[in-house]
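Please read the structure below before turning to the comments.
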Amino acid sequence: MTEAPTPFAIGLDGGGSGCRVAICDASGVILGRGEGGPANATTDFDGTIRHLCAALDIACAGAGVAVADLAGMPAHAGLAGVISAEVGDRVARALPLRRVTVTEDSDTMLAGALGPQDGSLAAIGTGSFFARQAGDASRSVGGWGFQLSDQASGAWLGHELMKLALHVSDGLVAESPLMRAVLEELGGPPGLVAFGRRALAHDYAAYAPRIVEAAKAGDSAGLSLMWQGATFLRFALDGLGHRADEPLCLTGGVGVHYARYLDDMVLIPPKGSALDGALALARRVPA
């Protein structure tokens with residue numbers, strides 16, 4: 001009779017769209033997976049714990065073990081909303097895992113995208129953050145939310161588009177097809193102002209695909225915005241100490257579209273997901 005694989009490490013990944021848990025053996029083979037609801041430790045702490053525990057239950061059922069049997073296994077959770085060590089410690093105390101490390105999701109996304117390789121990550125969707133790892137050290141910048149941060153992101157692009165449309169209306173900037181369409185759709189400056197009063201990050205980000213496509217078609221406004229985003233991306237990478245010979249991984253619905261503005265950089269596809277990164281970090285914990 002063949003002995004069943006022994007669970008070795010647990011990875012947990014959580015964000016605004018949901019959470020995921022995986023259990024692997026010593027060789028990295030996945031024994032069980034589970035998914036649950038949103039997990040942002042700042043906006044909904046209780047819901048985060050509830051959803052992570054539900055996903056852990058499902059993963060344990062798939063691996064054929066009880067949650068209590070895994071309490072002493074090394075685990076790593078990368079979650080949205082872990083904005084301080086205090087938040088991470090609170091999550092760790094609430095989970096039924098004694099050896100869990102809790103960090104922000106940028107750590108697990110970086111580890112998943114690059115594996116053990118030195119390099120940088122630009123994760124750009126509705127929001128954005130930038131990170132770099134070299135040896136055993138890693139650091140990230142940005143990701144503080146749309147109101148004060150998230151430059152180059154979909155939300156940032158949409159917001160800048162609205163500001164540019166007002167400049168066009170005021171005669172400060174030349175009109176482009178994209179600008180003309182936006183002004184017509186929203187009803188000119190009064191409509192833009194009304195939109196700005198009620199719009200959230202995802203409302204602005206809804207315009208990002210149009211900006212990307214307009215830039216590809218040579219639209220002056222679209223090109224200007226994409227180049228501005230790429231310029232900030234370079235600024236963030238310089239601040240992180242990114243070297244010209246190091247690989248850069250672009251992820252997210254918007255991030256991949258900056259590749260054409262970064263043709264002098266060494267671009268690579270992501271090696272894995274944030275959940276892969278969480279498992280990798282868990283497996284690095286000494287026995």
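In the structure tokens, chains take the letters A, B, ... in the order shown, each chain's residues start at 1, and ligands count up from 1 in the order shown.
Excluding segment 244-249 of chain A itself and any same-chain residue fewer than 4 positions from it, the protein and nucleic acid residues within 8 Å of it, counting only C-alpha atoms, are Ala113, Leu114, Asp118, Gly119, Ser120, Leu121, Ala122, Met265, Val266, Leu267, Ile268, Pro269 and Pro270 of chain A.
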Residue selection dump (N, CA and C atoms) as an mmCIF file, in the first residue's frame:
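And here is the file that came out, result29.cif:
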```cif
data_model
loop_
_atom_site.group_PDB
_atom_site.id
_atom_site.type_symbol
_atom_site.label_atom_id
_atom_site.label_comp_id
_atom_site.auth_asym_id
_atom_site.auth_seq_id
_atom_site.Cartn_x
_atom_site.Cartn_y
_atom_site.Cartn_z
ATOM 1 N N ALA A 113 5.452 35.856 -9.278
ATOM 2 C CA ALA A 113 5.803 36.307 -10.626
ATOM 3 C C ALA A 113 7.256 36.020 -10.981
ATOM 4 N N LEU A 114 8.173 36.179 -10.028
ATOM 5 C CA LEU A 114 9.601 36.065 -10.319
ATOM 6 C C LEU A 114 10.237 34.775 -9.812
ATOM 7 N N ASP A 118 16.073 37.432 -9.184
ATOM 8 C CA ASP A 118 16.102 38.867 -8.906
ATOM 9 C C ASP A 118 15.364 39.606 -10.014
ATOM 10 N N GLY A 119 14.708 40.696 -9.670
ATOM 11 C CA GLY A 119 14.001 41.475 -10.681
ATOM 12 C C GLY A 119 12.898 42.287 -10.052
ATOM 13 N N SER A 120 12.060 42.854 -10.905
ATOM 14 C CA SER A 120 10.999 43.738 -10.441
ATOM 15 C C SER A 120 9.656 43.358 -11.032
ATOM 16 N N LEU A 121 8.615 43.854 -10.367
ATOM 17 C CA LEU A 121 7.237 43.595 -10.769
ATOM 18 C C LEU A 121 6.474 44.910 -10.801
ATOM 19 N N ALA A 122 5.740 45.128 -11.885
ATOM 20 C CA ALA A 122 4.808 46.249 -11.974
ATOM 21 C C ALA A 122 3.421 45.643 -12.111
ATOM 22 N N MET A 265 13.654 47.684 -21.871
ATOM 23 C CA MET A 265 13.748 46.892 -20.649
ATOM 24 C C MET A 265 13.651 45.397 -20.941
ATOM 25 N N VAL A 266 14.148 44.592 -20.004
ATOM 26 C CA VAL A 266 14.111 43.141 -20.131
ATOM 27 C C VAL A 266 12.783 42.655 -19.555
ATOM 28 N N LEU A 267 11.802 42.425 -20.413
ATOM 29 C CA LEU A 267 10.460 42.048 -19.978
ATOM 30 C C LEU A 267 10.291 40.531 -20.024
ATOM 31 N N ILE A 268 9.704 39.982 -18.957
ATOM 32 C CA ILE A 268 9.452 38.541 -18.895
ATOM 33 C C ILE A 268 8.011 38.307 -18.440
ATOM 34 N N PRO A 269 7.412 37.184 -18.846
ATOM 35 C CA PRO A 269 6.061 36.861 -18.361
ATOM 36 C C PRO A 269 6.139 36.366 -16.921
ATOM 37 N N PRO A 270 5.039 36.463 -16.168
ATOM 38 C CA PRO A 270 5.058 35.959 -14.786
ATOM 39 C C PRO A 270 5.245 34.445 -14.752
#
```
Which residues are close to segment 53-55 of chain A, i.e. within 7 Å by only C-alpha atoms, leaving aside same-chain residues fewer than 3 positions away? Reply as a PyMOL selection string. chain A and resi 20-21+34-36+49-50+58-59
Requested write-out: N, CA, C and O atoms of the selected residues, as a PDB file, in the first residue's frame:
```
ATOM      1  N   ARG A  20      -7.978  32.508  -2.041  1.00  0.00           N
ATOM      2  CA  ARG A  20      -7.620  31.169  -2.489  1.00  0.00           C
ATOM      3  C   ARG A  20      -6.654  30.555  -1.484  1.00  0.00           C
ATOM      4  O   ARG A  20      -5.788  31.260  -0.935  1.00  0.00           O
ATOM      5  N   VAL A  21      -6.770  29.263  -1.278  1.00  0.00           N
ATOM      6  CA  VAL A  21      -5.894  28.536  -0.360  1.00  0.00           C
ATOM      7  C   VAL A  21      -5.417  27.273  -1.062  1.00  0.00           C
ATOM      8  O   VAL A  21      -6.187  26.621  -1.777  1.00  0.00           O
ATOM      9  N   GLY A  34      -8.800  25.516  -2.264  1.00  0.00           N
ATOM     10  CA  GLY A  34     -10.096  26.045  -1.863  1.00  0.00           C
ATOM     11  C   GLY A  34     -10.196  27.510  -2.224  1.00  0.00           C
ATOM     12  O   GLY A  34      -9.183  28.213  -2.313  1.00  0.00           O
ATOM     13  N   GLU A  35     -11.426  27.961  -2.469  1.00  0.00           N
ATOM     14  CA  GLU A  35     -11.667  29.367  -2.792  1.00  0.00           C
ATOM     15  C   GLU A  35     -12.773  29.913  -1.898  1.00  0.00           C
ATOM     16  O   GLU A  35     -13.645  29.165  -1.440  1.00  0.00           O
ATOM     17  N   GLY A  36     -12.728  31.218  -1.652  1.00  0.00           N
ATOM     18  CA  GLY A  36     -13.734  31.851  -0.815  1.00  0.00           C
ATOM     19  C   GLY A  36     -13.989  33.275  -1.246  1.00  0.00           C
ATOM     20  O   GLY A  36     -13.503  33.727  -2.281  1.00  0.00           O
ATOM     21  N   ILE A  49     -11.439  36.884   7.646  1.00  0.00           N
ATOM     22  CA  ILE A  49     -11.160  35.670   8.413  1.00  0.00           C
ATOM     23  C   ILE A  49     -12.171  34.585   8.074  1.00  0.00           C
ATOM     24  O   ILE A  49     -11.811  33.405   7.881  1.00  0.00           O
ATOM     25  N   ARG A  50     -13.418  34.964   7.974  1.00  0.00           N
ATOM     26  CA  ARG A  50     -14.468  33.990   7.661  1.00  0.00           C
ATOM     27  C   ARG A  50     -14.241  33.352   6.296  1.00  0.00           C
ATOM     28  O   ARG A  50     -14.338  32.121   6.133  1.00  0.00           O
ATOM     29  N   ILE A  58     -12.207  23.917   2.625  1.00  0.00           N
ATOM     30  CA  ILE A  58     -12.365  23.252   1.333  1.00  0.00           C
ATOM     31  C   ILE A  58     -11.044  22.602   0.903  1.00  0.00           C
ATOM     32  O   ILE A  58     -11.012  21.465   0.414  1.00  0.00           O
ATOM     33  N   ALA A  59      -9.933  23.353   1.089  1.00  0.00           N
ATOM     34  CA  ALA A  59      -8.619  22.818   0.709  1.00  0.00           C
ATOM     35  C   ALA A  59      -8.282  21.587   1.548  1.00  0.00           C
ATOM     36  O   ALA A  59      -7.734  20.602   1.031  1.00  0.00           O
TER      37      ALA A  59
END
```
List every residue of segment 17-225 of chain A that DSSP, applied to the backbone of this structure, places in strand (DSSP E or B), and write the result as a ChimeraX atom specification. /A:18-24,30-36,40,75-80,100-104,119-124,128-134,137-142
Have a look at A:Gly277, A:Gly241, A:Gly252, A:Pro7 and name the one nearest to Val141 of chain A; count only C-alpha atoms. A:Gly241
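Using only C-alpha atoms, the shortest contact distance between Arg284 of chain A and any of A:Trp227, A:Phe146, A:Phe8, A:Phe195 is found at A:Phe8.
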Please list as a PyMOL selection string every residue within 9 Å of segment 218-224 of chain A, counting only C-alpha atoms and excluding residues in the same chain fewer than 5 positions away. chain A and resi 161+164+174-179+210-213+229
Print the selection's residues with N, CA and C atoms to a file, as a PDB file, in the first residue's frame.
```
ATOM      1  N   LEU A 161      -7.672  61.279 -17.841  1.00  0.00           N
ATOM      2  CA  LEU A 161      -8.433  61.496 -19.073  1.00  0.00           C
ATOM      3  C   LEU A 161      -9.489  62.585 -18.856  1.00  0.00           C
ATOM      4  N   LEU A 164      -7.868  65.946 -18.638  1.00  0.00           N
ATOM      5  CA  LEU A 164      -7.432  66.377 -19.961  1.00  0.00           C
ATOM      6  C   LEU A 164      -8.613  66.855 -20.796  1.00  0.00           C
ATOM      7  N   ALA A 174      -5.120  70.601 -27.522  1.00  0.00           N
ATOM      8  CA  ALA A 174      -5.772  70.287 -28.794  1.00  0.00           C
ATOM      9  C   ALA A 174      -6.693  69.078 -28.648  1.00  0.00           C
ATOM     10  N   GLU A 175      -7.817  69.112 -29.334  1.00  0.00           N
ATOM     11  CA  GLU A 175      -8.782  68.023 -29.289  1.00  0.00           C
ATOM     12  C   GLU A 175      -8.262  66.798 -30.037  1.00  0.00           C
ATOM     13  N   SER A 176      -8.671  65.616 -29.584  1.00  0.00           N
ATOM     14  CA  SER A 176      -8.364  64.366 -30.272  1.00  0.00           C
ATOM     15  C   SER A 176      -9.665  63.583 -30.382  1.00  0.00           C
ATOM     16  N   PRO A 177      -9.719  62.560 -31.217  1.00  0.00           N
ATOM     17  CA  PRO A 177     -10.956  61.761 -31.321  1.00  0.00           C
ATOM     18  C   PRO A 177     -11.429  61.216 -29.975  1.00  0.00           C
ATOM     19  N   LEU A 178     -10.503  60.753 -29.148  1.00  0.00           N
ATOM     20  CA  LEU A 178     -10.887  60.230 -27.837  1.00  0.00           C
ATOM     21  C   LEU A 178     -11.481  61.336 -26.971  1.00  0.00           C
ATOM     22  N   MET A 179     -10.859  62.494 -26.968  1.00  0.00           N
ATOM     23  CA  MET A 179     -11.352  63.616 -26.173  1.00  0.00           C
ATOM     24  C   MET A 179     -12.736  64.053 -26.631  1.00  0.00           C
ATOM     25  N   ARG A 210     -10.214  51.938 -23.405  1.00  0.00           N
ATOM     26  CA  ARG A 210     -10.358  52.881 -24.525  1.00  0.00           C
ATOM     27  C   ARG A 210      -9.100  53.722 -24.685  1.00  0.00           C
ATOM     28  N   ILE A 211      -8.485  54.074 -23.571  1.00  0.00           N
ATOM     29  CA  ILE A 211      -7.246  54.847 -23.635  1.00  0.00           C
ATOM     30  C   ILE A 211      -6.145  54.024 -24.284  1.00  0.00           C
ATOM     31  N   VAL A 212      -6.040  52.761 -23.875  1.00  0.00           N
ATOM     32  CA  VAL A 212      -5.024  51.862 -24.446  1.00  0.00           C
ATOM     33  C   VAL A 212      -5.219  51.718 -25.952  1.00  0.00           C
ATOM     34  N   GLU A 213      -6.455  51.489 -26.374  1.00  0.00           N
ATOM     35  CA  GLU A 213      -6.729  51.305 -27.798  1.00  0.00           C
ATOM     36  C   GLU A 213      -6.539  52.597 -28.577  1.00  0.00           C
ATOM     37  N   GLY A 229       2.058  57.402 -17.863  1.00  0.00           N
ATOM     38  CA  GLY A 229       2.050  56.228 -16.997  1.00  0.00           C
ATOM     39  C   GLY A 229       3.376  55.489 -17.036  1.00  0.00           C
TER      40      GLY A 229
END
```
List every residue of segment 99-234 of chain A that DSSP, applied to the backbone, labels as alpha helix (DSSP H), and write the result as a PyMOL selection string. chain A and resi 105-114+154-169+177-186+188-198+201-205+208-216+220-234
Can you pull out the residues contacting Leu70 of chain A? Cut-off 8 Å, using only C-alpha atoms, and skip same-chain residues under 3 positions away; I want them as a list in words.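 The contact residues come out as Pro7, Val65, Ala66, Val67, Met73 and Leu97 of chain A.
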How many Å separate atom CA of Ile124 of chain A from atom CA of Cys19 of chain A?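 Here the two named atoms are 19.0 Å from each other.
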May I have the residues within 8 Å of Ala208 of chain A as a list in words, using only C-alpha atoms and disregarding those fewer than 4 positions away in the same chain? Gly154, Ala155, Leu157, Gly158, Tyr204, Val212 and Val254 of chain A
Just to be explicit: take each residue in the selection above, keep C-alpha atoms, and write the result as a tab-separated table (two decimals), in the first residue's frame.
```tsv
chain	number	residue	atom	x	y	z
A	154	GLY	CA	-6.53	52.07	-14.84
A	155	ALA	CA	-8.19	54.39	-12.32
A	157	LEU	CA	-5.56	56.81	-16.48
A	158	GLY	CA	-9.32	57.42	-16.41
A	204	TYR	CA	-12.48	55.77	-13.89
A	212	VAL	CA	-5.02	51.86	-24.45
A	254	VAL	CA	-3.36	47.50	-17.70
```
Just checking: using only C-alpha atoms, which residue out of A:Val168, A:Leu110, A:Ala94, A:Val100 ends up closest to Ala137 of chain A?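 Selected residue with least distance to Ala137 of chain A: A:Leu110.
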Minimum-distance residue to Val256 of chain A, chosen among A:Arg283, A:Ala194, A:Ala152, A:His167 (using only C-alpha atoms): A:Ala152
Excluding same-chain residues fewer than 6 positions from segment 181-189 of chain A, what lies within 8 Å of it counting only C-alpha atoms, as a ChimeraX atom specification? /A:165-166,169,195
Just how far from atom CA of Ser153 of chain A is atom CA of Gly81 of chain A, in Å to one decimal?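 Pair atom CA of Gly81 of chain A / atom CA of Ser153 of chain A returns 17.8 Å.
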